[in-house]
file model_0.cif (mmCIF, C-alpha atoms)
data_target
loop_
_atom_site.label_atom_id
_atom_site.label_comp_id
_atom_site.auth_asym_id
_atom_site.auth_seq_id
_atom_site.Cartn_x
_atom_site.Cartn_y
_atom_site.Cartn_z
CA GLU A 246 -22.82 -42.99 -70.64
CA THR A 247 -23.25 -42.89 -66.87
CA GLY A 248 -21.42 -44.27 -63.86
CA VAL A 249 -17.92 -45.71 -63.99
CA THR A 250 -16.68 -47.43 -67.14
CA GLN A 251 -13.58 -49.54 -67.64
CA THR A 252 -11.86 -50.74 -70.79
CA PRO A 253 -10.93 -53.29 -71.81
CA ARG A 254 -13.16 -55.73 -69.94
CA HIS A 255 -10.77 -58.61 -70.59
CA LEU A 256 -7.04 -58.56 -71.29
CA VAL A 257 -4.53 -61.33 -71.90
CA MET A 258 -0.90 -60.33 -72.02
CA GLY A 259 2.54 -61.86 -71.95
CA MET A 260 5.09 -60.98 -69.32
CA THR A 261 7.04 -58.77 -71.73
CA ASN A 262 4.06 -56.79 -73.03
CA LYS A 263 3.07 -53.24 -72.16
CA LYS A 264 -0.62 -52.46 -71.86
CA SER A 265 -2.88 -49.90 -70.21
CA LEU A 266 -6.19 -50.11 -68.40
CA LYS A 267 -8.57 -47.19 -68.67
CA CYS A 268 -11.22 -45.94 -66.29
CA GLU A 269 -13.66 -43.08 -66.82
CA GLN A 270 -16.21 -41.72 -64.37
CA HIS A 271 -19.24 -39.64 -65.38
CA LEU A 272 -20.36 -38.77 -61.85
CA GLY A 273 -18.51 -35.51 -61.27
CA HIS A 274 -16.47 -37.06 -58.47
CA ASN A 275 -13.11 -35.73 -57.34
CA ALA A 276 -11.43 -38.98 -56.24
CA MET A 277 -10.57 -42.15 -58.16
CA TYR A 278 -9.20 -45.49 -57.00
CA TRP A 279 -7.57 -48.64 -58.38
CA TYR A 280 -8.20 -51.93 -56.60
CA LYS A 281 -6.90 -55.44 -57.23
CA GLN A 282 -9.11 -58.46 -56.56
CA SER A 283 -7.34 -61.81 -56.63
CA ALA A 284 -9.04 -65.14 -56.20
CA LYS A 285 -9.90 -65.88 -52.57
CA LYS A 286 -8.27 -62.68 -51.26
CA PRO A 287 -9.89 -59.48 -50.00
CA LEU A 288 -10.06 -56.51 -52.30
CA GLU A 289 -6.75 -54.62 -52.11
CA LEU A 290 -6.45 -50.86 -52.57
CA MET A 291 -3.61 -49.99 -54.97
CA PHE A 292 -3.78 -46.24 -55.61
CA VAL A 293 -5.95 -43.25 -54.74
CA TYR A 294 -6.09 -39.95 -56.59
CA ASN A 295 -7.74 -36.88 -55.06
CA PHE A 296 -8.16 -33.97 -57.46
CA LYS A 297 -5.61 -35.60 -59.79
CA GLU A 298 -2.99 -35.86 -57.04
CA GLN A 299 -1.90 -39.28 -55.87
CA THR A 300 -2.66 -39.53 -52.17
CA GLU A 301 -2.22 -43.24 -51.57
CA ASN A 302 0.18 -45.83 -52.94
CA ASN A 303 -0.30 -49.07 -51.12
CA SER A 304 3.22 -50.42 -51.66
CA VAL A 305 2.41 -51.39 -55.22
CA PRO A 306 5.29 -52.75 -57.37
CA SER A 307 6.67 -50.31 -59.94
CA ARG A 308 5.52 -52.52 -62.81
CA PHE A 309 2.12 -50.89 -62.15
CA SER A 310 2.15 -47.20 -63.03
CA PRO A 311 -0.98 -45.08 -62.53
CA GLU A 312 -1.83 -41.89 -64.36
CA CYS A 313 -4.64 -39.43 -63.62
CA PRO A 314 -4.72 -36.65 -66.24
CA ASN A 315 -7.97 -35.18 -64.86
CA SER A 316 -10.66 -35.97 -62.29
CA SER A 317 -12.66 -38.02 -64.79
CA HIS A 318 -9.98 -40.32 -66.19
CA LEU A 319 -7.64 -42.82 -64.59
CA PHE A 320 -5.17 -45.16 -66.25
CA LEU A 321 -3.11 -48.08 -65.02
CA HIS A 322 -0.06 -48.73 -67.17
CA LEU A 323 1.27 -52.27 -67.03
CA HIS A 324 4.72 -53.57 -67.99
CA THR A 325 6.72 -56.72 -67.35
CA LEU A 326 3.96 -58.25 -65.27
CA GLN A 327 4.13 -61.59 -63.52
CA PRO A 328 1.56 -64.43 -63.66
CA GLU A 329 0.60 -63.68 -60.05
CA ASP A 330 -0.61 -60.27 -61.24
CA SER A 331 -3.54 -61.99 -62.93
CA ALA A 332 -6.65 -60.65 -61.22
CA LEU A 333 -9.74 -58.49 -61.59
CA TYR A 334 -8.73 -54.83 -61.54
CA LEU A 335 -11.47 -52.53 -60.35
CA CYS A 336 -11.72 -48.78 -60.63
CA ALA A 337 -13.89 -46.69 -58.33
CA SER A 338 -14.73 -43.05 -57.80
CA SER A 339 -16.17 -41.03 -54.95
CA GLN A 340 -16.75 -37.49 -53.76
CA LEU A 341 -14.41 -36.55 -50.93
CA PRO A 342 -14.77 -35.95 -48.04
CA GLU A 343 -16.64 -39.18 -47.84
CA SER A 344 -18.52 -39.48 -44.56
CA THR A 345 -21.87 -39.48 -46.33
CA ASP A 346 -20.94 -40.57 -49.82
CA THR A 347 -19.83 -43.89 -51.18
CA GLN A 348 -17.51 -45.37 -53.75
CA TYR A 349 -18.95 -46.27 -57.10
CA PHE A 350 -17.24 -49.14 -58.88
CA GLY A 351 -16.72 -49.97 -62.52
CA PRO A 352 -17.26 -53.50 -63.89
CA GLY A 353 -13.56 -54.31 -63.78
CA THR A 354 -10.91 -55.56 -66.18
CA ARG A 355 -10.14 -59.27 -65.98
CA LEU A 356 -6.37 -59.49 -66.56
CA THR A 357 -4.57 -62.72 -67.37
CA VAL A 358 -0.76 -62.71 -67.52
CA LEU A 359 0.74 -65.66 -69.36
CA LYS B 77 -3.55 -52.45 -38.18
CA GLN B 78 -7.23 -52.64 -39.11
CA GLU B 79 -8.48 -56.05 -40.17
CA VAL B 80 -11.96 -56.96 -41.37
CA THR B 81 -13.38 -60.47 -41.01
CA GLN B 82 -16.62 -61.80 -42.44
CA ILE B 83 -18.42 -64.86 -41.22
CA PRO B 84 -19.61 -67.14 -42.69
CA ALA B 85 -17.49 -67.38 -45.85
CA ALA B 86 -20.39 -69.01 -47.67
CA LEU B 87 -24.07 -69.49 -46.95
CA SER B 88 -26.85 -71.37 -48.71
CA VAL B 89 -30.48 -70.76 -47.71
CA PRO B 90 -33.92 -71.55 -49.12
CA GLU B 91 -35.92 -68.75 -50.68
CA GLY B 92 -37.96 -66.71 -48.21
CA GLU B 93 -35.64 -67.15 -45.26
CA ASN B 94 -34.41 -64.19 -43.22
CA LEU B 95 -30.66 -64.19 -42.79
CA VAL B 96 -27.81 -62.33 -41.10
CA LEU B 97 -24.32 -61.74 -42.41
CA ASN B 98 -21.61 -60.78 -39.95
CA CYS B 99 -18.65 -58.43 -40.17
CA SER B 100 -16.08 -57.71 -37.47
CA PHE B 101 -13.23 -55.21 -37.40
CA THR B 102 -10.28 -54.96 -35.06
CA ASP B 103 -10.03 -51.19 -34.58
CA SER B 104 -13.16 -49.38 -33.41
CA ALA B 105 -11.87 -46.03 -34.69
CA ILE B 106 -13.63 -45.92 -38.04
CA TYR B 107 -14.94 -43.14 -40.26
CA ASN B 108 -17.68 -45.23 -41.85
CA LEU B 109 -18.64 -48.79 -42.73
CA GLN B 110 -20.16 -49.95 -46.00
CA TRP B 111 -21.81 -53.10 -47.27
CA PHE B 112 -21.38 -53.94 -50.94
CA ARG B 113 -22.76 -56.59 -53.23
CA GLN B 114 -20.68 -58.20 -55.97
CA ASP B 115 -22.06 -60.45 -58.69
CA PRO B 116 -19.64 -62.98 -60.23
CA GLY B 117 -16.92 -61.33 -62.33
CA LYS B 118 -18.40 -57.88 -61.89
CA GLY B 119 -17.83 -54.69 -59.96
CA LEU B 120 -19.21 -53.80 -56.57
CA THR B 121 -22.54 -52.15 -55.88
CA SER B 122 -22.94 -50.17 -52.67
CA LEU B 123 -25.88 -51.34 -50.55
CA LEU B 124 -25.65 -49.36 -47.33
CA LEU B 125 -23.23 -46.90 -45.77
CA ILE B 126 -23.23 -46.30 -42.02
CA GLN B 127 -21.42 -43.27 -40.66
CA SER B 128 -19.44 -43.68 -37.45
CA SER B 129 -22.08 -41.72 -35.51
CA GLN B 130 -24.96 -43.91 -36.72
CA ARG B 131 -26.24 -47.24 -35.39
CA GLU B 132 -28.07 -48.58 -38.43
CA GLN B 133 -29.25 -47.98 -41.98
CA THR B 134 -32.14 -49.52 -43.87
CA SER B 135 -32.91 -49.91 -47.55
CA GLY B 136 -35.86 -52.03 -48.60
CA ARG B 137 -35.34 -55.58 -47.32
CA LEU B 138 -31.84 -54.75 -46.08
CA ASN B 139 -30.87 -53.49 -42.65
CA ALA B 140 -27.31 -52.92 -41.52
CA SER B 141 -26.31 -52.26 -37.93
CA LEU B 142 -23.08 -50.94 -36.48
CA ASP B 143 -21.66 -51.42 -32.99
CA LYS B 144 -18.33 -49.64 -32.96
CA SER B 145 -17.46 -50.48 -29.38
CA SER B 146 -17.57 -54.20 -30.08
CA GLY B 147 -16.20 -53.87 -33.62
CA ARG B 148 -19.18 -55.51 -35.25
CA SER B 149 -21.67 -54.94 -38.03
CA THR B 150 -24.48 -57.13 -39.29
CA LEU B 151 -26.37 -57.12 -42.57
CA TYR B 152 -29.90 -58.44 -42.21
CA ILE B 153 -31.69 -59.59 -45.37
CA ALA B 154 -35.42 -60.19 -45.01
CA ALA B 155 -37.40 -62.64 -47.12
CA SER B 156 -34.43 -63.68 -49.25
CA GLN B 157 -34.87 -64.19 -53.01
CA PRO B 158 -32.81 -66.06 -55.62
CA GLY B 159 -31.80 -62.65 -57.01
CA ASP B 160 -30.02 -61.93 -53.73
CA SER B 161 -27.44 -64.58 -54.61
CA ALA B 162 -24.09 -62.79 -54.73
CA THR B 163 -21.01 -62.08 -52.63
CA TYR B 164 -21.53 -59.51 -49.89
CA LEU B 165 -18.54 -57.43 -48.84
CA CYS B 166 -18.05 -55.35 -45.73
CA ALA B 167 -15.58 -52.44 -45.80
CA VAL B 168 -14.40 -49.94 -43.21
CA ARG B 169 -12.84 -46.53 -43.72
CA PRO B 170 -10.42 -45.55 -40.95
CA PRO B 171 -10.31 -41.86 -39.95
CA GLY B 172 -7.78 -39.84 -41.93
CA GLY B 173 -6.45 -40.87 -45.32
CA PHE B 174 -8.40 -42.48 -48.11
CA LYS B 175 -7.84 -46.16 -47.50
CA THR B 176 -10.82 -48.54 -47.40
CA ILE B 177 -10.25 -52.00 -45.93
CA PHE B 178 -12.40 -54.84 -47.19
CA GLY B 179 -13.34 -58.19 -45.75
CA ALA B 180 -13.06 -61.33 -47.86
CA GLY B 181 -16.83 -61.47 -48.29
CA THR B 182 -19.69 -63.88 -47.70
CA ARG B 183 -20.88 -65.80 -50.74
CA LEU B 184 -24.66 -66.17 -50.52
CA PHE B 185 -26.75 -68.63 -52.49
CA VAL B 186 -30.53 -68.47 -52.23
CA LYS B 187 -32.25 -71.59 -53.52
CA ALA B 188 -35.58 -71.30 -55.33
#
call {"tool": "encode", "arguments": {"input": "model_0.cif", "output": "structure tokens"}}
result
Amino acid sequence: ETGVTQTPRHLVMGMTNKKSLKCEQHLGHNAMYWYKQSAKKPLELMFVYNFKEQTENNSVPSRFSPECPNSSHLFLHLHTLQPEDSALYLCASSQLPESTDTQYFGPGTRLTVL
Amino acid sequence: KQEVTQIPAALSVPEGENLVLNCSFTDSAIYNLQWFRQDPGKGLTSLLLIQSSQREQTSGRLNASLDKSSGRSTLYIAASQPGDSATYLCAVRPPGGFKTIFGAGTRLFVKA
């Protein structure tokens, strides 16, 4: 499989559940990103990992917990979410430094919190 | 604080028309600027990336320009087709760090 894949594609969870989103990139990139896309709001960067080290945390609540075990895999662990956390969560990867390269995005996970 | 604005928010045009999408940013100190396309409920696809030292990039029917001094970029789509219907996003990368700042997008509908 090529490109950036995300699983699951759709997720419905209650506020007390614990779930995880998975992202895998097959592009040999060294950086991975989590973004949140809410309705009628610009795409928001959540976390950036460069060579498995977290380099950016955009003031994300602790109920979102990222994990990057290697340069190809990225997880987003979710617990005690709120209904306003319902959104499309997008994963991306790129090769840093990035002046000439671009970010490649996965198809996203549509999350609904009841 | 860098902010990215896209105008118009939505646009509907007949097939075959040439069109321009606009993007403005508040801080001219950028590393690069990208245009993305997003189909409903899906991820983003990169269309064009312009480095800070460049003025424009072209790919097929698409041409993107960059004027850093005025904080503006335009995406020109020639001979639009129904398949071009999507949301177009502009994003800037400030120098230093890894943060990319996106605009809210322009939703384009091309009528057959």
call {"tool": "resolve_selection", "arguments": {"input": "model_0.cif", "expression": "the PyMOL selection byres ((chain A) within 9 of (chain B))", "output": "list in words"}}
result
Lys285, Lys286, Pro287, Leu288, Glu289, Leu290, Val293, Asn295, Thr300, Glu301, Asn303, Leu333, Leu335, Cys336, Leu341, Glu343, Ser344, Thr345, Asp346, Thr347, Gln348, Tyr349, Phe350, Gly351, Pro352, Gly353, Thr354 and Arg355 of chain A
call {"tool": "residues_around", "arguments": {"input": "model_0.cif", "residues": "stretch 145-159 of chain B", "least_positions_apart": "4", "cutoff": "7 Å", "atoms": "all atoms listed in the file", "output": "ChimeraX atom specification"}}
result
/B:91-104,137-141,186-188
call {"tool": "atom_distance", "arguments": {"input": "model_0.cif", "atom1": "atom CA of B:Gln78", "atom2": "atom CA of A:Phe320"}}
result
28.2 Å
call {"tool": "residues_around", "arguments": {"input": "model_0.cif", "residues": "A:Thr250", "least_positions_apart": "2", "cutoff": "7 Å", "atoms": "all atoms listed in the file", "output": "PDB file with C-alpha atoms, in the coordinates of the input"}}
result
ATOM      1  CA  GLY A 248     -21.420 -44.270 -63.860  1.00  0.00           C
ATOM      2  CA  THR A 252     -11.860 -50.740 -70.790  1.00  0.00           C
ATOM      3  CA  CYS A 268     -11.220 -45.940 -66.290  1.00  0.00           C
ATOM      4  CA  GLU A 269     -13.660 -43.080 -66.820  1.00  0.00           C
ATOM      5  CA  GLN A 270     -16.210 -41.720 -64.370  1.00  0.00           C
ATOM      6  CA  GLY A 351     -16.720 -49.970 -62.520  1.00  0.00           C
ATOM      7  CA  PRO A 352     -17.260 -53.500 -63.890  1.00  0.00           C
TER       8      PRO A 352
END
call {"tool": "atom_distance", "arguments": {"input": "model_0.cif", "atom1": "atom CA of A:Met258", "atom2": "atom CA of A:Pro314"}}
result
24.7 Å
call {"tool": "atom_distance", "arguments": {"input": "model_0.cif", "atom1": "atom CA of B:Lys77", "atom2": "atom CA of A:Tyr294"}}
result
22.4 Å
call {"tool": "closest_residue", "arguments": {"input": "model_0.cif", "among": "A:Arg308, A:His274, A:Lys297, A:Lys281", "to": "A:Ser338", "atoms": "all atoms listed in the file"}}
result
A:His274
call {"tool": "residues_near_point", "arguments": {"input": "model_0.cif", "point": "(-16.4, -35.4, -62.6)", "cutoff": "9 Å", "atoms": "all atoms listed in the file", "output": "MDAnalysis selection string"}}
result
chainID A and resid 270:276 315:318
call {"tool": "residues_around", "arguments": {"input": "model_0.cif", "residues": "A:Lys263", "least_positions_apart": "6", "cutoff": "9 Å", "atoms": "all atoms listed in the file", "output": "JSON list (two decimals) with C-alpha atoms, in the coordinates of the input"}}
result
[["chain", "number", "residue", "atom", "x", "y", "z"],
["A", 322, "HIS", "CA", -0.06, -48.73, -67.17],
["A", 323, "LEU", "CA", 1.27, -52.27, -67.03],
["A", 324, "HIS", "CA", 4.72, -53.57, -67.99],
["A", 325, "THR", "CA", 6.72, -56.72, -67.35],
["A", 326, "LEU", "CA", 3.96, -58.25, -65.27]]
call {"tool": "closest_residue", "arguments": {"input": "model_0.cif", "among": "A:Ala284, A:Lys267, A:Ala337, A:Ser331", "to": "A:Leu356", "atoms": "only C-alpha atoms"}}
result
A:Ser331
call {"tool": "residues_near_point", "arguments": {"input": "model_0.cif", "point": "(1.4, -46.0, -60.4)", "cutoff": "9 Å", "atoms": "all atoms listed in the file", "output": "ChimeraX atom specification"}}
result
/A:291-292,299,302,305-312,320-322
call {"tool": "residues_around", "arguments": {"input": "model_0.cif", "residues": "A:Leu359", "least_positions_apart": "3", "cutoff": "7 Å", "atoms": "all atoms listed in the file", "output": "ChimeraX atom specification"}}
result
/A:258-260,328
call {"tool": "closest_residue", "arguments": {"input": "model_0.cif", "among": "B:Cys166, B:Phe185, B:Gly172, B:Lys144", "to": "B:Ile83", "atoms": "all atoms listed in the file"}}
result
B:Cys166
call {"tool": "build_atoms", "arguments": {"input": "model_0.cif", "residues": "stretch 83-101 of chain B", "atoms": "N, CA, C and O atoms", "output": "short mmCIF file (atom, residue, chain, number, x, y, z; two decimals), keeping the file's coordinate frame"}}
result
data_model
loop_
_atom_site.label_atom_id
_atom_site.label_comp_id
_atom_site.auth_asym_id
_atom_site.auth_seq_id
_atom_site.Cartn_x
_atom_site.Cartn_y
_atom_site.Cartn_z
N ILE B 83 -17.98 -63.50 -41.51
CA ILE B 83 -18.42 -64.86 -41.22
C ILE B 83 -19.92 -64.96 -41.49
O ILE B 83 -20.67 -64.04 -41.11
N PRO B 84 -20.42 -66.05 -42.16
CA PRO B 84 -19.61 -67.14 -42.69
C PRO B 84 -18.98 -66.78 -44.03
O PRO B 84 -19.35 -65.78 -44.63
N ALA B 85 -18.09 -67.61 -44.53
CA ALA B 85 -17.49 -67.38 -45.85
C ALA B 85 -18.48 -67.69 -46.96
O ALA B 85 -18.43 -67.08 -48.03
N ALA B 86 -19.37 -68.64 -46.69
CA ALA B 86 -20.39 -69.01 -47.67
C ALA B 86 -21.65 -69.43 -46.92
O ALA B 86 -21.59 -69.94 -45.80
N LEU B 87 -22.78 -69.22 -47.58
CA LEU B 87 -24.07 -69.49 -46.95
C LEU B 87 -25.07 -69.87 -48.03
O LEU B 87 -25.16 -69.19 -49.06
N SER B 88 -25.81 -70.95 -47.78
CA SER B 88 -26.85 -71.37 -48.71
C SER B 88 -28.16 -71.47 -47.94
O SER B 88 -28.22 -72.15 -46.90
N VAL B 89 -29.19 -70.79 -48.41
CA VAL B 89 -30.48 -70.76 -47.71
C VAL B 89 -31.61 -70.96 -48.70
O VAL B 89 -31.46 -70.64 -49.89
N PRO B 90 -32.75 -71.46 -48.24
CA PRO B 90 -33.92 -71.55 -49.12
C PRO B 90 -34.57 -70.19 -49.28
O PRO B 90 -34.48 -69.32 -48.40
N GLU B 91 -35.23 -70.01 -50.40
CA GLU B 91 -35.92 -68.75 -50.68
C GLU B 91 -36.91 -68.43 -49.57
O GLU B 91 -37.60 -69.30 -49.05
N GLY B 92 -37.00 -67.16 -49.21
CA GLY B 92 -37.96 -66.71 -48.21
C GLY B 92 -37.39 -66.60 -46.81
O GLY B 92 -38.01 -66.00 -45.93
N GLU B 93 -36.23 -67.17 -46.61
CA GLU B 93 -35.64 -67.15 -45.26
C GLU B 93 -35.02 -65.78 -44.96
O GLU B 93 -34.47 -65.13 -45.83
N ASN B 94 -35.12 -65.38 -43.69
CA ASN B 94 -34.41 -64.19 -43.22
C ASN B 94 -33.01 -64.61 -42.82
O ASN B 94 -32.80 -65.69 -42.25
N LEU B 95 -32.02 -63.78 -43.10
CA LEU B 95 -30.66 -64.19 -42.79
C LEU B 95 -29.82 -62.99 -42.33
O LEU B 95 -30.17 -61.83 -42.57
N VAL B 96 -28.73 -63.33 -41.64
CA VAL B 96 -27.81 -62.33 -41.10
C VAL B 96 -26.39 -62.64 -41.53
O VAL B 96 -25.92 -63.77 -41.38
N LEU B 97 -25.73 -61.63 -42.07
CA LEU B 97 -24.32 -61.74 -42.41
C LEU B 97 -23.53 -60.91 -41.40
O LEU B 97 -23.96 -59.81 -41.01
N ASN B 98 -22.38 -61.42 -41.00
CA ASN B 98 -21.61 -60.78 -39.95
C ASN B 98 -20.29 -60.20 -40.45
O ASN B 98 -19.64 -60.78 -41.33
N CYS B 99 -19.91 -59.10 -39.85
CA CYS B 99 -18.65 -58.43 -40.17
C CYS B 99 -18.04 -57.96 -38.85
O CYS B 99 -18.74 -57.37 -38.02
N SER B 100 -16.76 -58.22 -38.66
CA SER B 100 -16.08 -57.71 -37.47
C SER B 100 -14.81 -57.00 -37.88
O SER B 100 -14.19 -57.35 -38.90
N PHE B 101 -14.44 -55.99 -37.11
CA PHE B 101 -13.23 -55.21 -37.40
C PHE B 101 -12.46 -55.01 -36.11
O PHE B 101 -13.03 -54.94 -35.02
#
